[in-house]
file data-v4.cif (mmCIF, C-alpha atoms and all ligand atoms)
data_structure
#
loop_
_atom_site.label_atom_id
_atom_site.label_comp_id
_atom_site.auth_asym_id
_atom_site.auth_seq_id
_atom_site.Cartn_x
_atom_site.Cartn_y
_atom_site.Cartn_z
CA MET A 217 -41.67 84.13 -51.96
CA HIS A 218 -41.45 86.69 -49.16
CA GLY A 219 -37.85 87.44 -48.21
CA MET A 220 -37.48 87.97 -44.46
CA LYS A 221 -34.42 90.04 -43.58
CA THR A 222 -35.27 92.01 -40.45
CA ILE A 223 -37.89 90.56 -38.18
CA LEU A 224 -39.76 91.92 -35.15
CA ILE A 225 -41.51 89.54 -32.74
CA THR A 226 -44.08 90.94 -30.34
CA GLY A 227 -44.93 88.81 -27.31
CA ALA A 228 -41.36 87.50 -27.52
CA THR A 229 -41.27 86.59 -23.82
CA GLY A 230 -44.37 84.41 -24.11
CA GLN A 231 -44.86 80.68 -24.63
CA ILE A 232 -44.47 80.75 -28.43
CA GLY A 233 -42.34 83.90 -28.58
CA THR A 234 -39.30 82.64 -26.66
CA GLU A 235 -38.93 79.60 -28.90
CA LEU A 236 -39.84 81.36 -32.14
CA THR A 237 -37.25 84.08 -31.43
CA ARG A 238 -34.57 81.45 -30.88
CA ALA A 239 -35.50 79.57 -34.08
CA LEU A 240 -35.63 82.72 -36.21
CA ARG A 241 -32.29 83.92 -34.82
CA THR A 242 -30.66 80.60 -35.69
CA LYS A 243 -32.02 80.89 -39.22
CA TYR A 244 -31.72 84.60 -39.96
CA GLY A 245 -28.96 85.73 -37.57
CA GLY A 246 -29.31 87.08 -34.03
CA GLN A 247 -28.97 90.77 -34.93
CA ASN A 248 -31.74 90.51 -37.56
CA VAL A 249 -34.41 89.34 -35.15
CA ILE A 250 -35.72 91.91 -32.66
CA ALA A 251 -37.54 90.49 -29.66
CA ALA A 252 -40.19 92.78 -28.13
CA GLY A 253 -41.68 91.82 -24.77
CA HIS A 254 -43.85 93.54 -22.22
CA ARG A 255 -45.38 91.61 -19.33
CA ARG A 256 -42.78 88.95 -18.51
CA GLU A 257 -39.08 89.37 -17.72
CA PRO A 258 -37.04 88.15 -20.70
CA ASP A 259 -34.85 85.04 -20.46
CA LYS A 260 -31.12 85.79 -20.31
CA SER A 261 -30.65 84.15 -23.70
CA LEU A 262 -33.35 86.33 -25.30
CA VAL A 263 -31.37 89.43 -24.37
CA GLU A 264 -27.91 88.02 -25.08
CA GLN A 265 -28.54 86.52 -28.51
CA GLY A 266 -29.95 89.60 -30.24
CA PRO A 267 -31.78 92.91 -29.75
CA PHE A 268 -34.49 93.05 -27.09
CA CYS A 269 -36.86 95.96 -26.45
CA ARG A 270 -39.72 96.44 -24.02
CA ILE A 271 -42.82 97.39 -26.01
CA ASP A 272 -46.49 97.48 -25.10
CA VAL A 273 -48.26 96.75 -28.40
CA THR A 274 -51.09 99.13 -27.51
CA HIS A 275 -48.54 102.00 -27.77
CA ARG A 276 -48.37 102.57 -31.50
CA GLU A 277 -45.56 105.16 -31.45
CA ALA A 278 -43.14 102.88 -29.60
CA LEU A 279 -43.93 100.02 -31.96
CA GLU A 280 -43.59 102.20 -35.05
CA LYS A 281 -40.28 103.64 -33.83
CA ALA A 282 -38.79 100.13 -33.52
CA VAL A 283 -40.05 99.17 -37.00
CA ALA A 284 -38.81 102.37 -38.66
CA GLU A 285 -35.43 102.58 -36.90
CA ARG A 286 -34.49 99.00 -37.62
CA ARG A 287 -36.15 98.79 -41.06
CA VAL A 288 -38.26 95.80 -40.09
CA ASP A 289 -39.81 93.91 -43.03
CA THR A 290 -41.67 91.14 -41.18
CA ILE A 291 -43.63 91.17 -37.92
CA PHE A 292 -44.59 88.01 -36.02
CA HIS A 293 -47.32 89.49 -33.85
CA LEU A 294 -47.75 87.14 -30.89
CA ALA A 295 -48.69 89.51 -28.05
CA SER A 296 -52.14 88.50 -26.80
CA LEU A 297 -54.17 87.52 -23.75
CA LEU A 298 -55.19 83.85 -23.83
CA SER A 299 -58.74 82.52 -23.49
CA ALA A 300 -59.21 82.15 -19.71
CA ASP A 301 -57.44 85.44 -18.94
CA ALA A 302 -59.58 87.17 -21.57
CA GLU A 303 -62.74 85.94 -19.81
CA LYS A 304 -61.45 87.47 -16.56
CA LYS A 305 -60.60 90.79 -18.23
CA PRO A 306 -62.61 91.11 -21.45
CA GLN A 307 -62.03 94.87 -21.83
CA LEU A 308 -58.27 94.51 -21.46
CA ALA A 309 -58.35 91.56 -23.88
CA TRP A 310 -60.08 93.70 -26.50
CA ASP A 311 -57.54 96.51 -26.01
CA VAL A 312 -54.48 94.26 -26.22
CA ASN A 313 -55.65 91.68 -28.77
CA MET A 314 -57.50 94.01 -31.16
CA GLY A 315 -55.70 97.28 -30.41
CA GLY A 316 -52.31 95.60 -30.72
CA LEU A 317 -53.20 93.93 -34.02
CA PHE A 318 -54.69 97.13 -35.44
CA ASN A 319 -51.44 98.97 -34.60
CA VAL A 320 -49.33 96.23 -36.18
CA LEU A 321 -51.43 96.28 -39.37
CA GLU A 322 -51.40 100.07 -39.66
CA ILE A 323 -47.62 100.15 -39.17
CA SER A 324 -47.21 97.33 -41.70
CA ARG A 325 -49.32 99.24 -44.23
CA ALA A 326 -47.09 102.30 -43.80
CA HIS A 327 -43.75 100.44 -43.73
CA GLY A 328 -44.41 97.54 -46.12
CA CYS A 329 -44.08 94.74 -43.54
CA ALA A 330 -45.43 91.22 -43.87
CA VAL A 331 -47.41 90.04 -40.82
CA PHE A 332 -47.84 86.67 -39.12
CA PHE A 333 -50.93 86.53 -36.90
CA PRO A 334 -51.66 83.47 -34.74
CA SER A 335 -55.34 82.69 -34.64
CA SER A 336 -56.59 79.71 -32.65
CA ILE A 337 -59.13 76.91 -32.28
CA GLY A 338 -60.71 79.62 -30.08
CA ALA A 339 -61.87 81.39 -33.25
CA PHE A 340 -64.58 78.69 -33.51
CA GLY A 341 -67.68 78.44 -31.37
CA PRO A 342 -70.59 76.23 -30.33
CA LEU A 343 -72.21 76.31 -33.80
CA THR A 344 -69.04 75.11 -35.56
CA PRO A 345 -68.91 71.40 -36.53
CA GLN A 346 -66.63 69.96 -33.82
CA ASP A 347 -65.35 66.91 -35.68
CA ASN A 348 -63.18 67.32 -38.74
CA THR A 349 -63.82 71.08 -38.48
CA PRO A 350 -63.56 72.47 -42.03
CA GLN A 351 -61.20 75.28 -43.03
CA ASP A 352 -64.14 77.44 -44.08
CA THR A 353 -67.07 77.07 -41.71
CA ILE A 354 -69.31 78.80 -39.16
CA GLN A 355 -67.35 81.00 -36.72
CA ARG A 356 -69.56 82.36 -33.94
CA PRO A 357 -67.29 82.18 -30.85
CA ASN A 358 -68.87 83.03 -27.49
CA THR A 359 -65.69 84.07 -25.66
CA MET A 360 -63.87 87.41 -25.79
CA TYR A 361 -60.72 85.58 -26.88
CA GLY A 362 -62.64 84.01 -29.76
CA VAL A 363 -64.20 87.33 -30.73
CA THR A 364 -60.73 88.90 -30.95
CA LYS A 365 -59.32 85.94 -32.88
CA VAL A 366 -62.07 85.80 -35.52
CA SER A 367 -62.03 89.60 -35.81
CA GLY A 368 -58.25 89.42 -36.15
CA GLU A 369 -58.54 86.92 -39.00
CA LEU A 370 -61.00 89.19 -40.78
CA LEU A 371 -58.92 92.31 -40.19
CA CYS A 372 -55.82 90.60 -41.57
CA ASP A 373 -57.77 89.55 -44.68
CA TYR A 374 -59.04 93.11 -45.04
CA TYR A 375 -55.55 94.60 -44.90
CA HIS A 376 -54.40 92.11 -47.51
CA GLN A 377 -57.29 92.76 -49.90
CA ARG A 378 -57.52 96.51 -49.38
CA TYR A 379 -53.87 97.52 -48.91
CA GLY A 380 -51.86 94.56 -50.18
CA VAL A 381 -50.29 93.87 -46.77
CA ASP A 382 -48.85 90.32 -46.87
CA THR A 383 -50.79 88.93 -43.90
CA ARG A 384 -50.69 85.21 -43.09
CA GLY A 385 -51.82 83.15 -40.14
CA VAL A 386 -52.67 79.78 -38.67
CA ARG A 387 -55.31 78.58 -36.22
CA TYR A 388 -53.15 77.00 -33.53
CA PRO A 389 -54.52 74.26 -31.31
CA GLY A 390 -53.34 73.90 -27.69
CA LEU A 391 -49.54 74.16 -27.66
CA ILE A 392 -47.34 71.97 -25.47
CA SER A 393 -43.80 73.01 -24.61
CA TYR A 394 -41.16 72.68 -21.88
CA GLN A 395 -39.38 76.03 -22.14
CA THR A 396 -41.83 78.84 -21.27
CA PRO A 397 -45.13 77.83 -19.64
CA PRO A 398 -48.35 79.36 -20.99
CA THR A 399 -50.50 81.65 -18.82
CA GLY A 400 -54.24 82.08 -18.84
CA GLY A 401 -55.21 79.53 -21.49
CA THR A 402 -57.74 76.69 -21.52
CA THR A 403 -55.37 74.10 -22.96
CA ASP A 404 -52.66 74.90 -20.35
CA TYR A 405 -53.51 71.69 -18.45
CA ALA A 406 -51.65 69.76 -21.15
CA VAL A 407 -48.45 71.59 -20.12
CA HIS A 408 -49.01 71.78 -16.33
CA ILE A 409 -49.61 68.02 -16.16
CA PHE A 410 -45.96 67.35 -17.14
CA TYR A 411 -44.54 69.66 -14.44
CA GLU A 412 -46.70 68.01 -11.77
CA ALA A 413 -46.08 64.47 -13.04
CA ILE A 414 -42.31 64.97 -12.78
CA LYS A 415 -42.31 66.90 -9.50
CA ASN A 416 -45.18 65.32 -7.51
CA ARG A 417 -46.44 62.28 -9.48
CA ARG A 418 -49.94 63.78 -9.20
CA TYR A 419 -52.06 66.25 -11.16
CA GLU A 420 -55.48 67.76 -10.57
CA CYS A 421 -56.98 68.48 -13.98
CA PHE A 422 -59.30 71.48 -14.51
CA LEU A 423 -60.93 70.00 -17.65
CA ALA A 424 -63.27 67.02 -17.45
CA GLU A 425 -62.62 63.50 -18.68
CA GLY A 426 -63.63 63.21 -22.34
CA THR A 427 -62.85 66.85 -23.23
CA ARG A 428 -61.07 66.17 -26.49
CA LEU A 429 -59.17 69.01 -28.15
CA ASP A 430 -56.61 69.55 -30.89
CA MET A 431 -53.02 69.85 -29.65
CA MET A 432 -49.51 70.38 -31.03
CA TYR A 433 -45.94 70.15 -29.79
CA MET A 434 -44.05 73.46 -29.92
CA PRO A 435 -41.43 72.47 -32.53
CA ASP A 436 -44.29 71.88 -34.98
CA ALA A 437 -45.90 75.22 -34.07
CA ILE A 438 -42.61 77.03 -34.77
CA LYS A 439 -42.20 75.15 -38.03
CA ALA A 440 -45.75 76.11 -39.08
CA ALA A 441 -45.14 79.83 -38.50
CA ILE A 442 -41.83 79.92 -40.38
CA ASP A 443 -42.94 77.65 -43.25
CA LEU A 444 -46.10 79.65 -43.83
CA MET A 445 -44.19 82.95 -43.92
CA GLU A 446 -41.66 81.43 -46.32
CA ALA A 447 -44.31 79.86 -48.58
CA ASP A 448 -44.81 81.05 -52.12
CA SER A 449 -47.67 83.53 -51.92
CA ALA A 450 -48.93 82.41 -55.37
CA HIS A 451 -49.90 79.05 -53.84
CA LEU A 452 -51.92 80.51 -50.98
CA VAL A 453 -55.66 80.44 -51.55
CA HIS A 454 -56.36 81.02 -47.86
CA ARG A 455 -54.27 83.38 -45.78
CA ASN A 456 -55.98 84.10 -42.48
CA SER A 457 -56.05 81.62 -41.08
CA PHE A 458 -55.09 78.00 -41.79
CA ASN A 459 -56.32 75.15 -39.59
CA VAL A 460 -53.23 73.27 -38.37
CA THR A 461 -53.20 70.33 -36.00
CA ALA A 462 -50.94 67.49 -34.97
CA MET A 463 -52.91 65.36 -32.49
CA SER A 464 -56.22 65.33 -30.64
CA PHE A 465 -56.76 63.91 -27.16
CA ALA A 466 -58.77 64.18 -23.94
CA PRO A 467 -57.06 64.59 -20.51
CA GLU A 468 -57.32 60.89 -19.62
CA GLN A 469 -55.51 59.91 -22.83
CA LEU A 470 -52.62 62.24 -22.05
CA ALA A 471 -52.56 60.99 -18.45
CA ALA A 472 -52.43 57.37 -19.69
CA ALA A 473 -49.51 58.17 -22.00
CA ILE A 474 -47.63 59.76 -19.05
CA LYS A 475 -48.50 56.82 -16.75
CA GLN A 476 -46.95 54.41 -19.25
CA ARG A 477 -43.66 56.24 -18.64
CA ILE A 478 -44.18 57.21 -14.95
CA PRO A 479 -46.16 54.25 -13.52
CA ASP A 480 -47.00 55.88 -10.14
CA PHE A 481 -48.50 58.99 -11.77
CA VAL A 482 -52.11 59.69 -10.70
CA MET A 483 -54.52 62.24 -12.15
CA ASP A 484 -57.75 63.41 -10.57
CA TYR A 485 -60.17 66.12 -11.56
CA ARG A 486 -61.27 69.45 -10.12
CA ILE A 487 -63.21 71.04 -12.94
CA ASP A 488 -63.10 74.76 -13.56
CA PRO A 489 -66.53 75.58 -15.04
CA VAL A 490 -65.27 78.61 -16.99
CA ARG A 491 -62.47 76.77 -18.77
CA GLN A 492 -64.65 73.67 -19.21
CA ALA A 493 -67.32 75.75 -21.00
CA ILE A 494 -64.65 77.35 -23.21
CA ALA A 495 -63.20 73.93 -24.13
CA GLU A 496 -66.64 72.54 -24.93
CA SER A 497 -67.21 75.35 -27.44
CA TRP A 498 -64.04 74.44 -29.40
CA PRO A 499 -63.40 71.80 -32.08
CA ARG A 500 -62.43 68.25 -31.10
CA TYR A 501 -60.29 67.89 -34.20
CA MET A 502 -59.79 70.12 -37.22
CA ASP A 503 -59.37 69.30 -40.87
CA ASP A 504 -56.04 70.87 -41.83
CA SER A 505 -55.95 69.70 -45.45
CA ALA A 506 -55.90 73.28 -46.83
CA ALA A 507 -52.57 73.90 -45.04
CA ARG A 508 -51.25 70.54 -46.24
CA GLN A 509 -52.21 71.34 -49.84
CA GLU A 510 -51.28 75.02 -50.04
CA TRP A 511 -47.93 75.07 -48.21
CA ASP A 512 -47.08 71.42 -47.47
CA TRP A 513 -47.90 71.55 -43.77
CA GLN A 514 -47.07 68.32 -41.98
CA PRO A 515 -46.45 67.84 -38.24
CA ASP A 516 -43.51 65.78 -36.96
CA TYR A 517 -44.80 64.89 -33.47
CA ASP A 518 -47.70 62.62 -32.52
CA LEU A 519 -48.83 62.00 -28.92
CA ASP A 520 -46.14 59.40 -28.07
CA ALA A 521 -43.26 61.34 -29.65
CA MET A 522 -44.38 64.51 -27.85
CA VAL A 523 -44.70 62.81 -24.42
CA ASP A 524 -41.27 61.18 -24.76
CA ASP A 525 -39.61 64.47 -25.69
CA MET A 526 -41.46 66.52 -23.04
CA LEU A 527 -40.56 64.13 -20.21
CA GLU A 528 -36.94 63.90 -21.28
CA ASN A 529 -36.39 67.65 -21.62
CA LEU A 530 -38.52 68.83 -18.72
CA SER A 531 -36.89 66.32 -16.34
CA LYS A 532 -33.51 67.84 -17.21
CA ARG A 533 -34.79 71.37 -16.58
CA LEU A 534 -36.54 70.64 -13.27
C1 LIG A 601 -55.82 78.92 -25.00
O1 LIG A 601 -56.10 77.87 -24.42
O2 LIG A 601 -56.36 80.00 -24.74
C2 LIG A 601 -54.80 78.86 -26.11
C3 LIG A 601 -55.46 78.59 -27.42
C4 LIG A 601 -55.92 77.23 -27.77
O3 LIG A 601 -55.62 79.49 -28.20
N1 LIG A 601 -53.83 77.85 -25.82
#

call {"tool": "encode", "arguments": {"input": "data-v4.cif", "output": "structure tokens"}}
result
Amino acid sequence: MHGMKTILITGATGQIGTELTRALRTKYGGQNVIAAGHRREPDKSLVEQGPFCRIDVTHREALEKAVAERRVDTIFHLASLLSADAEKKPQLAWDVNMGGLFNVLEISRAHGCAVFFPSSIGAFGPLTPQDNTPQDTIQRPNTMYGVTKVSGELLCDYYHQRYGVDTRGVRYPGLISYQTPPTGGTTDYAVHIFYEAIKNRRYECFLAEGTRLDMMYMPDAIKAAIDLMEADSAHLVHRNSFNVTAMSFAPEQLAAAIKQRIPDFVMDYRIDPVRQAIAESWPRYMDDSAARQEWDWQPDYDLDAMVDDMLENLSKRL
């Protein structure tokens, strides 16, 4: 079992980071969880409930200083460009996604930190079986995001095998949450739709009808990250990275679930060819039995439970 005492989270102002920071602070104490952000302004609560520092993960010295000064033993490395943004700026995506991870792994090698690295359904590509996608299968992504995710998985495995760094990761599906919206992803429609349904009763979807993808509600994503890092390492056959999923749907199925609760909601389509092509290269649903067997992964939210919770909480916020 890996004992987490002092934790650093990169990308702490992002979609996963804000909620993971809060959850880790509740569990391990506010002062023991350092939030590091860069692009976005931090929430007031992120700054008030524990240490916050502004760090660009491509600057190794700044990152290493924070790790050394605070004696960090675990890094949740979330800083990354998402798939659609990475297609707009592939060179920047390589610098941030690969350069940032390389810095985190080098620092972890020197300072004995364990590392959590979020891979994604984006680490698969058009040659991957799209239904019941196996844990170990063909990975030939054709997006820059996918290239950085599959390379990241391999690099994490390398640092584990070669240097004994305790690297662990999951392949997240699209993540749905009401606290911090995602930016620049392909599955973002499944978050935007809720904002528009509540505010305007209408949503124009950028993915086509029938584009089925794996999805997960944020509380399950947070649980996956923490449970995997707390799992007994002796039980882990795989490390980087475990398929994890909670539900799989196409836009019209999500729209129908929202319409059941907001009867005058209407969705139409204006397809973005770039994001549509990315989505079509990803799995429709993954087999996550390795995660279930090796560290007891099990999601709590299905489509209906997620939609109920999203509408209730987002309505309060808006
Ligand atoms: C994206 O759409 O880029 C991300 C992902 C599935 O990795 N949400």

call {"tool": "closest_residue", "arguments": {"input": "data-v4.cif", "among": "A:Met483, A:Val386, A:Leu321, A:Ile271", "to": "Ile337 of chain A", "atoms": "all atoms listed in the file"}}
result
A:Val386

call {"tool": "closest_residue", "arguments": {"input": "data-v4.cif", "among": "A:Pro306, A:Gly315, A:Leu452, A:Ala495", "to": "Asp272 of chain A", "atoms": "all atoms listed in the file"}}
result
A:Gly315

call {"tool": "residues_near_point", "arguments": {"input": "data-v4.cif", "point": "(-51.6, 91.3, -46.7)", "cutoff": "9 Å", "atoms": "all atoms listed in the file", "output": "ChimeraX atom specification"}}
result
/A:321,324-325,329-331,372-384,455

call {"tool": "axis_aligned_box", "arguments": {"input": "data-v4.cif", "around": "segment 324-340 of chain A", "padding_each_side": "6 Å", "output": "JSON"}}
result
{"center_x": -54.2, "center_y": 89.6, "center_z": -38.1, "size_x": 32.8, "size_y": 37.4, "size_z": 28.0}

call {"tool": "residues_near_ligand", "arguments": {"input": "data-v4.cif", "ligand": "ligand LIG 601 (chain A)", "cutoff": "7 Å", "atoms": "only C-alpha atoms and all ligand atoms", "output": "list in words"}}
result
Leu298, Ser299, Ala300, Ser336, Ile337, Gly338, Tyr388, Pro389, Gly390, Leu391, Gly400, Gly401, Thr402, Thr403 and Asp404 of chain A

call {"tool": "residues_around", "arguments": {"input": "data-v4.cif", "residues": "Gly368 of chain A", "least_positions_apart": "4", "cutoff": "10 Å", "atoms": "all atoms listed in the file", "output": "PDB file with C-alpha atoms, keeping the file's coordinate frame"}}
result
ATOM      1  CA  ASN A 313     -55.650  91.680 -28.770  1.00  0.00           C
ATOM      2  CA  MET A 314     -57.500  94.010 -31.160  1.00  0.00           C
ATOM      3  CA  LEU A 317     -53.200  93.930 -34.020  1.00  0.00           C
ATOM      4  CA  PHE A 318     -54.690  97.130 -35.440  1.00  0.00           C
ATOM      5  CA  PHE A 333     -50.930  86.530 -36.900  1.00  0.00           C
ATOM      6  CA  PRO A 334     -51.660  83.470 -34.740  1.00  0.00           C
ATOM      7  CA  SER A 335     -55.340  82.690 -34.640  1.00  0.00           C
ATOM      8  CA  ALA A 339     -61.870  81.390 -33.250  1.00  0.00           C
ATOM      9  CA  GLY A 362     -62.640  84.010 -29.760  1.00  0.00           C
ATOM     10  CA  VAL A 363     -64.200  87.330 -30.730  1.00  0.00           C
ATOM     11  CA  THR A 364     -60.730  88.900 -30.950  1.00  0.00           C
ATOM     12  CA  CYS A 372     -55.820  90.600 -41.570  1.00  0.00           C
ATOM     13  CA  ASP A 373     -57.770  89.550 -44.680  1.00  0.00           C
ATOM     14  CA  TYR A 374     -59.040  93.110 -45.040  1.00  0.00           C
ATOM     15  CA  GLY A 385     -51.820  83.150 -40.140  1.00  0.00           C
ATOM     16  CA  ASN A 456     -55.980  84.100 -42.480  1.00  0.00           C
ATOM     17  CA  SER A 457     -56.050  81.620 -41.080  1.00  0.00           C
TER      18      SER A 457
END

call {"tool": "residues_around", "arguments": {"input": "data-v4.cif", "residues": "segment 506-521 of chain A", "least_positions_apart": "5", "cutoff": "9 Å", "atoms": "only C-alpha atoms", "output": "NGL selection string"}}
result
:A and (351 or 386 or 431-433 or 435-437 or 439-440 or 443-444 or 447-448 or 451-454 or 458-465 or 470 or 473 or 526)

call {"tool": "closest_residue", "arguments": {"input": "data-v4.cif", "among": "A:Arg491, A:His275, A:Arg387, A:Arg417", "to": "Lys475 of chain A", "atoms": "only C-alpha atoms"}}
result
A:Arg417

call {"tool": "atom_distance", "arguments": {"input": "data-v4.cif", "atom1": "atom CA of Gln355 of chain A", "atom2": "atom CA of Lys304 of chain A"}}
result
22.0 Å

call {"tool": "closest_residue", "arguments": {"input": "data-v4.cif", "among": "A:Ile478, A:Val407, A:Met360, A:Ile487", "to": "Ala424 of chain A", "atoms": "all atoms listed in the file"}}
result
A:Ile487

call {"tool": "closest_residue", "arguments": {"input": "data-v4.cif", "among": "A:Glu496, A:Leu294, A:Arg477, A:Glu264", "to": "Pro357 of chain A", "atoms": "all atoms listed in the file"}}
result
A:Glu496

call {"tool": "residues_around", "arguments": {"input": "data-v4.cif", "residues": "Phe268 of chain A", "least_positions_apart": "2", "cutoff": "12 Å", "atoms": "all atoms listed in the file", "output": "VMD selection string"}}
result
chain A and resid 223 to 229 234 237 246 to 254 257 to 266 270 to 271 282

call {"tool": "write_last_selection", "arguments": {"input": "data-v4.cif", "atoms": "C-alpha atoms", "output": "PDB file, in the coordinates of the input"}}
result
ATOM      1  CA  ILE A 223     -37.890  90.560 -38.180  1.00  0.00           C
ATOM      2  CA  LEU A 224     -39.760  91.920 -35.150  1.00  0.00           C
ATOM      3  CA  ILE A 225     -41.510  89.540 -32.740  1.00  0.00           C
ATOM      4  CA  THR A 226     -44.080  90.940 -30.340  1.00  0.00           C
ATOM      5  CA  GLY A 227     -44.930  88.810 -27.310  1.00  0.00           C
ATOM      6  CA  ALA A 228     -41.360  87.500 -27.520  1.00  0.00           C
ATOM      7  CA  THR A 229     -41.270  86.590 -23.820  1.00  0.00           C
ATOM      8  CA  THR A 234     -39.300  82.640 -26.660  1.00  0.00           C
ATOM      9  CA  THR A 237     -37.250  84.080 -31.430  1.00  0.00           C
ATOM     10  CA  GLY A 246     -29.310  87.080 -34.030  1.00  0.00           C
ATOM     11  CA  GLN A 247     -28.970  90.770 -34.930  1.00  0.00           C
ATOM     12  CA  ASN A 248     -31.740  90.510 -37.560  1.00  0.00           C
ATOM     13  CA  VAL A 249     -34.410  89.340 -35.150  1.00  0.00           C
ATOM     14  CA  ILE A 250     -35.720  91.910 -32.660  1.00  0.00           C
ATOM     15  CA  ALA A 251     -37.540  90.490 -29.660  1.00  0.00           C
ATOM     16  CA  ALA A 252     -40.190  92.780 -28.130  1.00  0.00           C
ATOM     17  CA  GLY A 253     -41.680  91.820 -24.770  1.00  0.00           C
ATOM     18  CA  HIS A 254     -43.850  93.540 -22.220  1.00  0.00           C
ATOM     19  CA  GLU A 257     -39.080  89.370 -17.720  1.00  0.00           C
ATOM     20  CA  PRO A 258     -37.040  88.150 -20.700  1.00  0.00           C
ATOM     21  CA  ASP A 259     -34.850  85.040 -20.460  1.00  0.00           C
ATOM     22  CA  LYS A 260     -31.120  85.790 -20.310  1.00  0.00           C
ATOM     23  CA  SER A 261     -30.650  84.150 -23.700  1.00  0.00           C
ATOM     24  CA  LEU A 262     -33.350  86.330 -25.300  1.00  0.00           C
ATOM     25  CA  VAL A 263     -31.370  89.430 -24.370  1.00  0.00           C
ATOM     26  CA  GLU A 264     -27.910  88.020 -25.080  1.00  0.00           C
ATOM     27  CA  GLN A 265     -28.540  86.520 -28.510  1.00  0.00           C
ATOM     28  CA  GLY A 266     -29.950  89.600 -30.240  1.00  0.00           C
ATOM     29  CA  ARG A 270     -39.720  96.440 -24.020  1.00  0.00           C
ATOM     30  CA  ILE A 271     -42.820  97.390 -26.010  1.00  0.00           C
ATOM     31  CA  ALA A 282     -38.790 100.130 -33.520  1.00  0.00           C
TER      32      ALA A 282
END

call {"tool": "closest_residue", "arguments": {"input": "data-v4.cif", "among": "A:Glu446, A:Asp347, A:Glu369, A:Glu528", "to": "Ser497 of chain A", "atoms": "only C-alpha atoms"}}
result
A:Asp347

call {"tool": "atom_distance", "arguments": {"input": "data-v4.cif", "atom1": "atom CA of Asp524 of chain A", "atom2": "atom CA of Gln469 of chain A"}}
result
14.4 Å

call {"tool": "atom_distance", "arguments": {"input": "data-v4.cif", "atom1": "atom CA of Asp488 of chain A", "atom2": "atom CA of Leu423 of chain A"}}
result
6.6 Å
